[in-house]
Amino acid sequence: MMSWTSELVVHDEAIRSNAAYFAAATGGRLMAVLKADAFGHGAIAHSVLAAGATSIGVTSIDEALALRAAGVQAPILSWLNPVDADFAAAVGADIDLAVQSTRLLYAVSRAAARLGRCARVHLHIDVGMARDGASAAEWPALCSVARELEALGGVRIVGVMGHMSCADRPDHPQNRRERLVFTNALRTARRRGLSPSVAHLAATAATVTGVGSGFGLHRIGAGLFGIDPSGTSDRLRPALSLTTTVIRSREIAAGTGIGYGLEHVADRRTNLALLPVGYGDGLPRAASERAEVLVRSRRRPVVGRFSMDMLVVDTGDDLLAPGETVTVFGPGDRGEPTVAEWADWSGTIEHEIVTRIGSRVARIHRSTASGAMAQEVAHA
Ligand SMILES: *Cc1c(COP(=O)(O)O)cnc(C)c1O
């Protein structure tokens, strides 16, 4: 058994509440996006399904298979795979596959045929950000090939998906253009003889602002974890708290330089506390000289450059005891810094803060509503 000096507490109740909100807001058409270890939140698939999600979306087949291995029986969609991915394993585990090129479609169809099975496929159109998805120029040919392969029995086109580039800015003219590309793509698919039963365009921002509404499913990731890229919803609850433990404290004289490069120099006699977390645990070094933590109910500044494994905090008149708990971030209801503040301090978005917390930090799932304590240490 390892002993952990830092803990990432996952507030399952907050995630369940966010999932229930989106389930209601979408009329039950909620696909929970749990890519990148559920945005760094770990094992929460069963919670979001219990709260009203009807399916799960991930990028890779490996992520989808891990969810099956964890006992998830709901539909799962995997939308980002190379042509030599293990499509047979995916089809064998009843995983839906999104496909964005004819090459990928042939590969999926071949794998399914070898198993004597029919793969459930969503065709993915790039509606306007030149990232993933078939281009509008490739789309008609992709639909035609899909129809031919359907006739041979290896695939069935059950869905059409797209993903919006500017949905966090509802007034952006690109939103209308992308909806138009998507509805045209759907029409083309039907004209070419396909009959997808579900279309899905909206992620969190497009759902919260409404610019991607009106289709059969909503793929919600960030919002489940209290992150609203549009900054317009006040219904979502953050779901992570990161705490760590004081290793040692010391008093320093005015004029003492702190950390690599001695970039920070104390302007008075003060006390420092050493914390065993750093950029190697996912706290961005760019937040040096800006970040704060909460200890003994007070905000204290992190001083000097971040190290890989350590931070130094100026605790003023308080000489902390080794073993005292320090809150790095949390929902903010006790005055602690939030993930949004950390994103601001480091010039990034909340998504990046929550997905970067490393494996030296224990993940503990806690149900705050029932007051139940640690239920599971996912990385132990
Ligand atoms: C990540 C992702 C989502 C989820 O987006 P959020 O903004 O986190 O809700 C949906 N669809 C695709 C294709 C994605 O890559």
# chains A, B, ... in the order shown; residues from 1 in each chain; ligands from 1
$ residues_around --residues "Ala51 (chain A)" --least-positions-apart "6" --cutoff "9 Å" --atoms "only C-alpha atoms" --output "list in words"
Ile15, Arg16, Ser17, Asn18, Ala19, Ala20, Tyr21 and Ala23 of chain A
$ write_last_selection --atoms "C-alpha atoms" --output "short mmCIF file (atom, residue, chain, number, x, y, z; two decimals), in the first residue's frame"
data_model
loop_
_atom_site.label_atom_id
_atom_site.label_comp_id
_atom_site.auth_asym_id
_atom_site.auth_seq_id
_atom_site.Cartn_x
_atom_site.Cartn_y
_atom_site.Cartn_z
CA ILE A 15 -21.11 14.95 -11.21
CA ARG A 16 -24.43 13.16 -10.68
CA SER A 17 -26.15 16.52 -10.21
CA ASN A 18 -24.60 17.90 -13.41
CA ALA A 19 -25.54 14.74 -15.32
CA ALA A 20 -29.13 14.95 -14.05
CA TYR A 21 -29.25 18.59 -15.14
CA ALA A 23 -30.40 14.68 -18.84
#
$ residues_near_ligand --ligand "ligand 1" --cutoff "6 Å" --atoms "only C-alpha atoms and all ligand atoms" --output "MDAnalysis selection string"
chainID A and resid 33 163 203:205 219:223
$ write_last_selection --atoms "N, CA and C atoms" --output "mmCIF file, in the first residue's frame"
data_model
loop_
_atom_site.group_PDB
_atom_site.id
_atom_site.type_symbol
_atom_site.label_atom_id
_atom_site.label_comp_id
_atom_site.auth_asym_id
_atom_site.auth_seq_id
_atom_site.Cartn_x
_atom_site.Cartn_y
_atom_site.Cartn_z
ATOM 1 N N VAL A 33 -19.632 12.128 -22.189
ATOM 2 C CA VAL A 33 -18.309 11.994 -22.798
ATOM 3 C C VAL A 33 -17.275 11.806 -21.690
ATOM 4 N N HIS A 163 -19.170 18.318 -34.877
ATOM 5 C CA HIS A 163 -18.712 18.978 -33.651
ATOM 6 C C HIS A 163 -18.427 20.440 -33.975
ATOM 7 N N ALA A 203 -22.039 19.651 -28.170
ATOM 8 C CA ALA A 203 -21.330 19.285 -26.942
ATOM 9 C C ALA A 203 -21.799 20.259 -25.852
ATOM 10 N N THR A 204 -21.003 20.460 -24.801
ATOM 11 C CA THR A 204 -21.481 21.269 -23.671
ATOM 12 C C THR A 204 -21.883 22.686 -24.089
ATOM 13 N N ALA A 205 -20.968 23.404 -24.749
ATOM 14 C CA ALA A 205 -21.258 24.811 -25.046
ATOM 15 C C ALA A 205 -22.471 24.941 -25.955
ATOM 16 N N ARG A 219 -23.628 15.266 -26.864
ATOM 17 C CA ARG A 219 -22.404 14.676 -26.301
ATOM 18 C C ARG A 219 -21.831 15.660 -25.282
ATOM 19 N N ILE A 220 -22.023 15.347 -23.997
ATOM 20 C CA ILE A 220 -21.619 16.294 -22.948
ATOM 21 C C ILE A 220 -20.410 15.755 -22.182
ATOM 22 N N GLY A 221 -19.324 16.497 -22.232
ATOM 23 C CA GLY A 221 -18.141 16.161 -21.444
ATOM 24 C C GLY A 221 -17.931 17.187 -20.349
ATOM 25 N N ALA A 222 -17.320 18.310 -20.712
ATOM 26 C CA ALA A 222 -16.936 19.339 -19.739
ATOM 27 C C ALA A 222 -18.033 19.665 -18.730
ATOM 28 N N GLY A 223 -19.252 19.812 -19.221
ATOM 29 C CA GLY A 223 -20.364 20.209 -18.355
ATOM 30 C C GLY A 223 -20.604 19.234 -17.210
#
$ select_by_dssp --residues "region 189-279 of chain A" --states "strand (DSSP E or B)" --output "JSON, numbers by chain"
{"A": [198, 199, 200, 201, 202, 217, 218, 219, 220, 240, 241, 242, 243, 244, 245, 248, 249, 250, 251, 252, 257, 258, 264, 265, 270, 271, 272, 273, 274, 275]}
$ residues_around --residues "Ile95 (chain A)" --least-positions-apart "2" --cutoff "10 Å" --atoms "only C-alpha atoms" --output "list of chain:residue names"
A:Gly57, A:Ile61, A:Ala64, A:Leu65, A:Arg68, A:Ala74, A:Pro75, A:Ile76, A:Leu77, A:Ser78, A:Phe87, A:Ala88, A:Ala89, A:Ala90, A:Val91, A:Gly92, A:Ala93, A:Leu97, A:Ala98, A:Ala119, A:Arg120, A:Val121
$ residues_around --residues "region 344-358 of chain A" --least-positions-apart "3" --cutoff "10 Å" --atoms "only C-alpha atoms" --output "number ranges by chain"
A: 8, 35-41, 221-222, 225-229, 239-240, 242, 277, 279-292, 338-341, 361-363
$ write_last_selection --atoms "N, CA and C atoms" --output "tab-separated table (two decimals), in the first residue's frame"
chain	number	residue	atom	x	y	z
A	8	LEU	N	-6.67	13.77	-4.76
A	8	LEU	CA	-7.64	14.41	-5.63
A	8	LEU	C	-8.99	13.80	-5.28
A	35	LYS	N	-13.98	10.73	-22.07
A	35	LYS	CA	-12.62	10.56	-22.61
A	35	LYS	C	-11.59	11.06	-21.59
A	36	ALA	N	-10.32	10.68	-21.84
A	36	ALA	CA	-9.21	11.13	-20.98
A	36	ALA	C	-9.52	10.87	-19.51
A	37	ASP	N	-9.88	9.59	-19.22
A	37	ASP	CA	-10.17	9.20	-17.84
A	37	ASP	C	-11.24	10.11	-17.23
A	38	ALA	N	-12.32	10.31	-18.00
A	38	ALA	CA	-13.41	11.18	-17.56
A	38	ALA	C	-12.88	12.55	-17.16
A	39	PHE	N	-12.13	13.16	-18.10
A	39	PHE	CA	-11.54	14.48	-17.86
A	39	PHE	C	-10.76	14.50	-16.55
A	40	GLY	N	-10.07	13.38	-16.28
A	40	GLY	CA	-9.24	13.30	-15.08
A	40	GLY	C	-10.00	12.93	-13.82
A	41	HIS	N	-11.31	12.65	-13.93
A	41	HIS	CA	-12.12	12.39	-12.74
A	41	HIS	C	-12.23	10.90	-12.40
A	221	GLY	N	-19.32	16.50	-22.23
A	221	GLY	CA	-18.14	16.16	-21.44
A	221	GLY	C	-17.93	17.19	-20.35
A	222	ALA	N	-17.32	18.31	-20.71
A	222	ALA	CA	-16.94	19.34	-19.74
A	222	ALA	C	-18.03	19.66	-18.73
A	225	PHE	N	-18.49	17.94	-15.51
A	225	PHE	CA	-17.47	18.19	-14.49
A	225	PHE	C	-17.49	19.65	-14.03
A	226	GLY	N	-18.61	20.32	-14.33
A	226	GLY	CA	-18.79	21.69	-13.84
A	226	GLY	C	-18.14	22.74	-14.69
A	227	ILE	N	-17.69	22.36	-15.88
A	227	ILE	CA	-17.00	23.32	-16.76
A	227	ILE	C	-17.95	23.74	-17.87
A	228	ASP	N	-18.19	25.04	-17.98
A	228	ASP	CA	-19.05	25.58	-19.04
A	228	ASP	C	-18.22	26.52	-19.91
A	229	PRO	N	-17.81	26.05	-21.09
A	229	PRO	CA	-16.94	26.89	-21.94
A	229	PRO	C	-17.58	28.23	-22.31
A	239	ALA	N	-16.25	19.47	-9.56
A	239	ALA	CA	-16.31	18.16	-8.91
A	239	ALA	C	-14.97	17.67	-8.37
A	240	LEU	N	-13.97	18.54	-8.32
A	240	LEU	CA	-12.66	18.09	-7.84
A	240	LEU	C	-12.14	18.97	-6.72
A	242	LEU	N	-8.26	19.24	-4.81
A	242	LEU	CA	-6.89	18.74	-4.69
A	242	LEU	C	-6.30	19.24	-3.39
A	277	VAL	N	3.96	18.83	-4.19
A	277	VAL	CA	3.33	18.76	-5.52
A	277	VAL	C	4.00	19.81	-6.40
A	279	TYR	N	4.89	20.79	-10.99
A	279	TYR	CA	4.39	20.64	-12.36
A	279	TYR	C	4.40	19.19	-12.81
A	280	GLY	N	5.22	18.33	-12.15
A	280	GLY	CA	5.20	16.90	-12.46
A	280	GLY	C	3.89	16.24	-12.07
A	281	ASP	N	3.13	16.91	-11.25
A	281	ASP	CA	1.80	16.40	-10.87
A	281	ASP	C	0.70	17.12	-11.63
A	282	GLY	N	1.08	17.99	-12.55
A	282	GLY	CA	0.08	18.62	-13.41
A	282	GLY	C	-0.23	20.08	-13.09
A	283	LEU	N	0.44	20.65	-12.09
A	283	LEU	CA	0.17	22.06	-11.80
A	283	LEU	C	1.06	22.92	-12.69
A	284	PRO	N	0.47	23.71	-13.58
A	284	PRO	CA	1.26	24.37	-14.62
A	284	PRO	C	2.30	25.33	-14.04
A	285	ARG	N	3.53	25.21	-14.52
A	285	ARG	CA	4.61	26.08	-14.09
A	285	ARG	C	4.33	27.53	-14.44
A	286	ALA	N	3.51	27.72	-15.48
A	286	ALA	CA	3.15	29.08	-15.90
A	286	ALA	C	2.40	29.84	-14.81
A	287	ALA	N	1.90	29.12	-13.79
A	287	ALA	CA	1.18	29.79	-12.70
A	287	ALA	C	2.13	30.30	-11.61
A	288	SER	N	3.44	30.11	-11.81
A	288	SER	CA	4.42	30.60	-10.83
A	288	SER	C	4.21	32.09	-10.58
A	289	GLU	N	4.33	32.48	-9.34
A	289	GLU	CA	4.18	33.89	-8.92
A	289	GLU	C	2.75	34.41	-9.06
A	290	ARG	N	1.78	33.52	-9.36
A	290	ARG	CA	0.38	33.95	-9.42
A	290	ARG	C	-0.49	33.08	-8.52
A	291	ALA	N	-0.13	31.81	-8.41
A	291	ALA	CA	-1.02	30.86	-7.76
A	291	ALA	C	-1.13	31.10	-6.26
A	292	GLU	N	-2.27	30.68	-5.73
A	292	GLU	CA	-2.49	30.70	-4.28
A	292	GLU	C	-3.04	29.34	-3.85
A	338	THR	N	-10.28	27.98	-7.16
A	338	THR	CA	-11.02	27.07	-8.03
A	338	THR	C	-10.15	26.65	-9.21
A	339	VAL	N	-10.60	25.63	-9.91
A	339	VAL	CA	-9.93	25.21	-11.15
A	339	VAL	C	-9.94	26.37	-12.15
A	340	ALA	N	-11.03	27.15	-12.15
A	340	ALA	CA	-11.10	28.29	-13.07
A	340	ALA	C	-10.00	29.31	-12.76
A	341	GLU	N	-9.73	29.53	-11.47
A	341	GLU	CA	-8.64	30.45	-11.12
A	341	GLU	C	-7.28	29.89	-11.55
A	361	VAL	N	-0.86	11.37	-7.50
A	361	VAL	CA	-1.94	11.89	-6.67
A	361	VAL	C	-3.02	10.81	-6.57
A	362	ALA	N	-3.44	10.48	-5.35
A	362	ALA	CA	-4.50	9.49	-5.16
A	362	ALA	C	-5.84	10.08	-5.61
A	363	ARG	N	-6.62	9.29	-6.32
A	363	ARG	CA	-7.98	9.73	-6.66
A	363	ARG	C	-8.97	9.04	-5.73
$ residues_around --residues "Leu294 (chain A)" --least-positions-apart "5" --cutoff "9 Å" --atoms "only C-alpha atoms" --output "list in words"
Arg299, Arg300, Pro301, Val326, Thr327, Val328, Phe329, Arg334, Gly335, Glu336 and Pro337 of chain A
$ atom_distance --atom1 "CA of Gly52 (chain A)" --atom2 "CA of Ala25 (chain A)"
10.9 Å
$ residues_around --residues "Arg191 (chain A)" --least-positions-apart "4" --cutoff "12 Å" --atoms "only C-alpha atoms" --output "ChimeraX atom specification"
/A:140,143-144,147,184-187,195-196
$ closest_residue --among "A:Ala107, A:Leu311, A:Val127, A:Val302" --to "Thr183 (chain A)" --atoms "only C-alpha atoms"
A:Val127
$ residues_around --residues "Tyr260 (chain A)" --least-positions-apart "5" --cutoff "9 Å" --atoms "only C-alpha atoms" --output "list of chain:residue names"
A:Gly304, A:Arg305, A:Phe306, A:Ser307
$ write_last_selection --atoms "N, CA, C and O atoms" --output "PDB file, in the first residue's frame"
ATOM      1  N   GLY A 304       8.080  31.875  -5.742  1.00  0.00           N
ATOM      2  CA  GLY A 304       9.172  31.305  -6.528  1.00  0.00           C
ATOM      3  C   GLY A 304       8.628  30.467  -7.675  1.00  0.00           C
ATOM      4  O   GLY A 304       7.428  30.229  -7.791  1.00  0.00           O
ATOM      5  N   ARG A 305       9.550  30.021  -8.528  1.00  0.00           N
ATOM      6  CA  ARG A 305       9.140  29.162  -9.644  1.00  0.00           C
ATOM      7  C   ARG A 305       8.669  27.816  -9.135  1.00  0.00           C
ATOM      8  O   ARG A 305       9.243  27.271  -8.185  1.00  0.00           O
ATOM      9  N   PHE A 306       7.658  27.255  -9.791  1.00  0.00           N
ATOM     10  CA  PHE A 306       7.249  25.887  -9.485  1.00  0.00           C
ATOM     11  C   PHE A 306       8.399  24.939  -9.806  1.00  0.00           C
ATOM     12  O   PHE A 306       9.051  25.078 -10.831  1.00  0.00           O
ATOM     13  N   SER A 307       8.612  23.953  -8.941  1.00  0.00           N
ATOM     14  CA  SER A 307       9.511  22.845  -9.271  1.00  0.00           C
ATOM     15  C   SER A 307       8.688  21.666  -9.771  1.00  0.00           C
ATOM     16  O   SER A 307       7.462  21.680  -9.701  1.00  0.00           O
TER      17      SER A 307
END
$ atom_distance --atom1 "CA of Arg190 (chain A)" --atom2 "CA of Leu115 (chain A)"
27.8 Å
$ closest_residue --among "A:Asp12, A:Ser359, A:Gly153, A:Ala70" --to "Arg110 (chain A)" --atoms "only C-alpha atoms"
A:Gly153
$ decode --residues "region 49-62 of chain A" --atoms "all heavy atoms" --output "compact mmCIF listing (two decimals), in the first residue's frame"
# COMPACT_ATOMS: atom_id res chain seq x y z
N LEU A 49 -24.53 7.25 -15.56
CA LEU A 49 -25.62 6.45 -16.14
C LEU A 49 -26.80 6.41 -15.17
O LEU A 49 -27.95 6.55 -15.57
CB LEU A 49 -25.12 5.04 -16.48
CG LEU A 49 -24.16 4.98 -17.68
CD1 LEU A 49 -23.47 3.62 -17.76
CD2 LEU A 49 -24.88 5.29 -19.00
N ALA A 50 -26.49 6.26 -13.88
CA ALA A 50 -27.57 6.25 -12.88
C ALA A 50 -28.28 7.59 -12.83
O ALA A 50 -29.47 7.67 -12.51
CB ALA A 50 -27.01 5.89 -11.51
N ALA A 51 -27.56 8.66 -13.17
CA ALA A 51 -28.15 10.01 -13.09
C ALA A 51 -28.88 10.41 -14.37
O ALA A 51 -29.41 11.52 -14.43
CB ALA A 51 -27.05 11.02 -12.77
N GLY A 52 -28.90 9.54 -15.37
CA GLY A 52 -29.73 9.85 -16.54
C GLY A 52 -29.04 9.83 -17.89
O GLY A 52 -29.71 9.96 -18.92
N ALA A 53 -27.71 9.67 -17.93
CA ALA A 53 -27.06 9.50 -19.24
C ALA A 53 -27.51 8.17 -19.82
O ALA A 53 -27.71 7.19 -19.10
CB ALA A 53 -25.55 9.54 -19.09
N THR A 54 -27.68 8.14 -21.15
CA THR A 54 -28.15 6.89 -21.78
C THR A 54 -27.05 6.20 -22.56
O THR A 54 -27.20 5.05 -22.96
CB THR A 54 -29.34 7.18 -22.71
OG1 THR A 54 -28.98 8.23 -23.60
CG2 THR A 54 -30.56 7.59 -21.90
N SER A 55 -25.96 6.90 -22.83
CA SER A 55 -24.83 6.28 -23.51
C SER A 55 -23.56 7.01 -23.12
O SER A 55 -23.60 8.04 -22.45
CB SER A 55 -25.02 6.31 -25.04
OG SER A 55 -25.08 7.64 -25.49
N ILE A 56 -22.42 6.46 -23.57
CA ILE A 56 -21.12 7.03 -23.22
C ILE A 56 -20.30 7.22 -24.48
O ILE A 56 -20.34 6.37 -25.38
CB ILE A 56 -20.40 6.11 -22.22
CG1 ILE A 56 -21.15 6.15 -20.88
CG2 ILE A 56 -18.94 6.52 -22.02
CD1 ILE A 56 -20.59 5.28 -19.81
N GLY A 57 -19.58 8.33 -24.55
CA GLY A 57 -18.69 8.60 -25.67
C GLY A 57 -17.25 8.71 -25.21
O GLY A 57 -16.98 9.29 -24.14
N VAL A 58 -16.34 8.13 -25.98
CA VAL A 58 -14.91 8.23 -25.69
C VAL A 58 -14.19 8.38 -27.03
O VAL A 58 -14.78 8.20 -28.09
CB VAL A 58 -14.37 6.97 -24.96
CG1 VAL A 58 -14.90 6.90 -23.54
CG2 VAL A 58 -14.69 5.70 -25.73
N THR A 59 -12.91 8.68 -26.99
CA THR A 59 -12.15 8.75 -28.24
C THR A 59 -11.73 7.34 -28.67
O THR A 59 -12.22 6.83 -29.66
CB THR A 59 -10.94 9.69 -28.10
OG1 THR A 59 -10.23 9.39 -26.91
CG2 THR A 59 -11.40 11.13 -28.04
N SER A 60 -10.85 6.68 -27.92
CA SER A 60 -10.23 5.44 -28.43
C SER A 60 -11.02 4.18 -28.08
O SER A 60 -11.80 4.15 -27.12
CB SER A 60 -8.82 5.30 -27.84
OG SER A 60 -8.90 5.02 -26.46
N ILE A 61 -10.76 3.14 -28.84
CA ILE A 61 -11.33 1.82 -28.55
C ILE A 61 -10.85 1.32 -27.20
O ILE A 61 -11.62 0.71 -26.44
CB ILE A 61 -10.98 0.83 -29.68
CG1 ILE A 61 -11.77 1.19 -30.95
CG2 ILE A 61 -11.26 -0.61 -29.27
CD1 ILE A 61 -11.37 0.40 -32.18
N ASP A 62 -9.59 1.58 -26.86
CA ASP A 62 -9.08 1.14 -25.55
C ASP A 62 -9.90 1.71 -24.40
O ASP A 62 -10.21 1.03 -23.43
CB ASP A 62 -7.61 1.55 -25.37
CG ASP A 62 -6.67 0.62 -26.13
OD1 ASP A 62 -7.14 -0.44 -26.59
OD2 ASP A 62 -5.49 0.97 -26.27
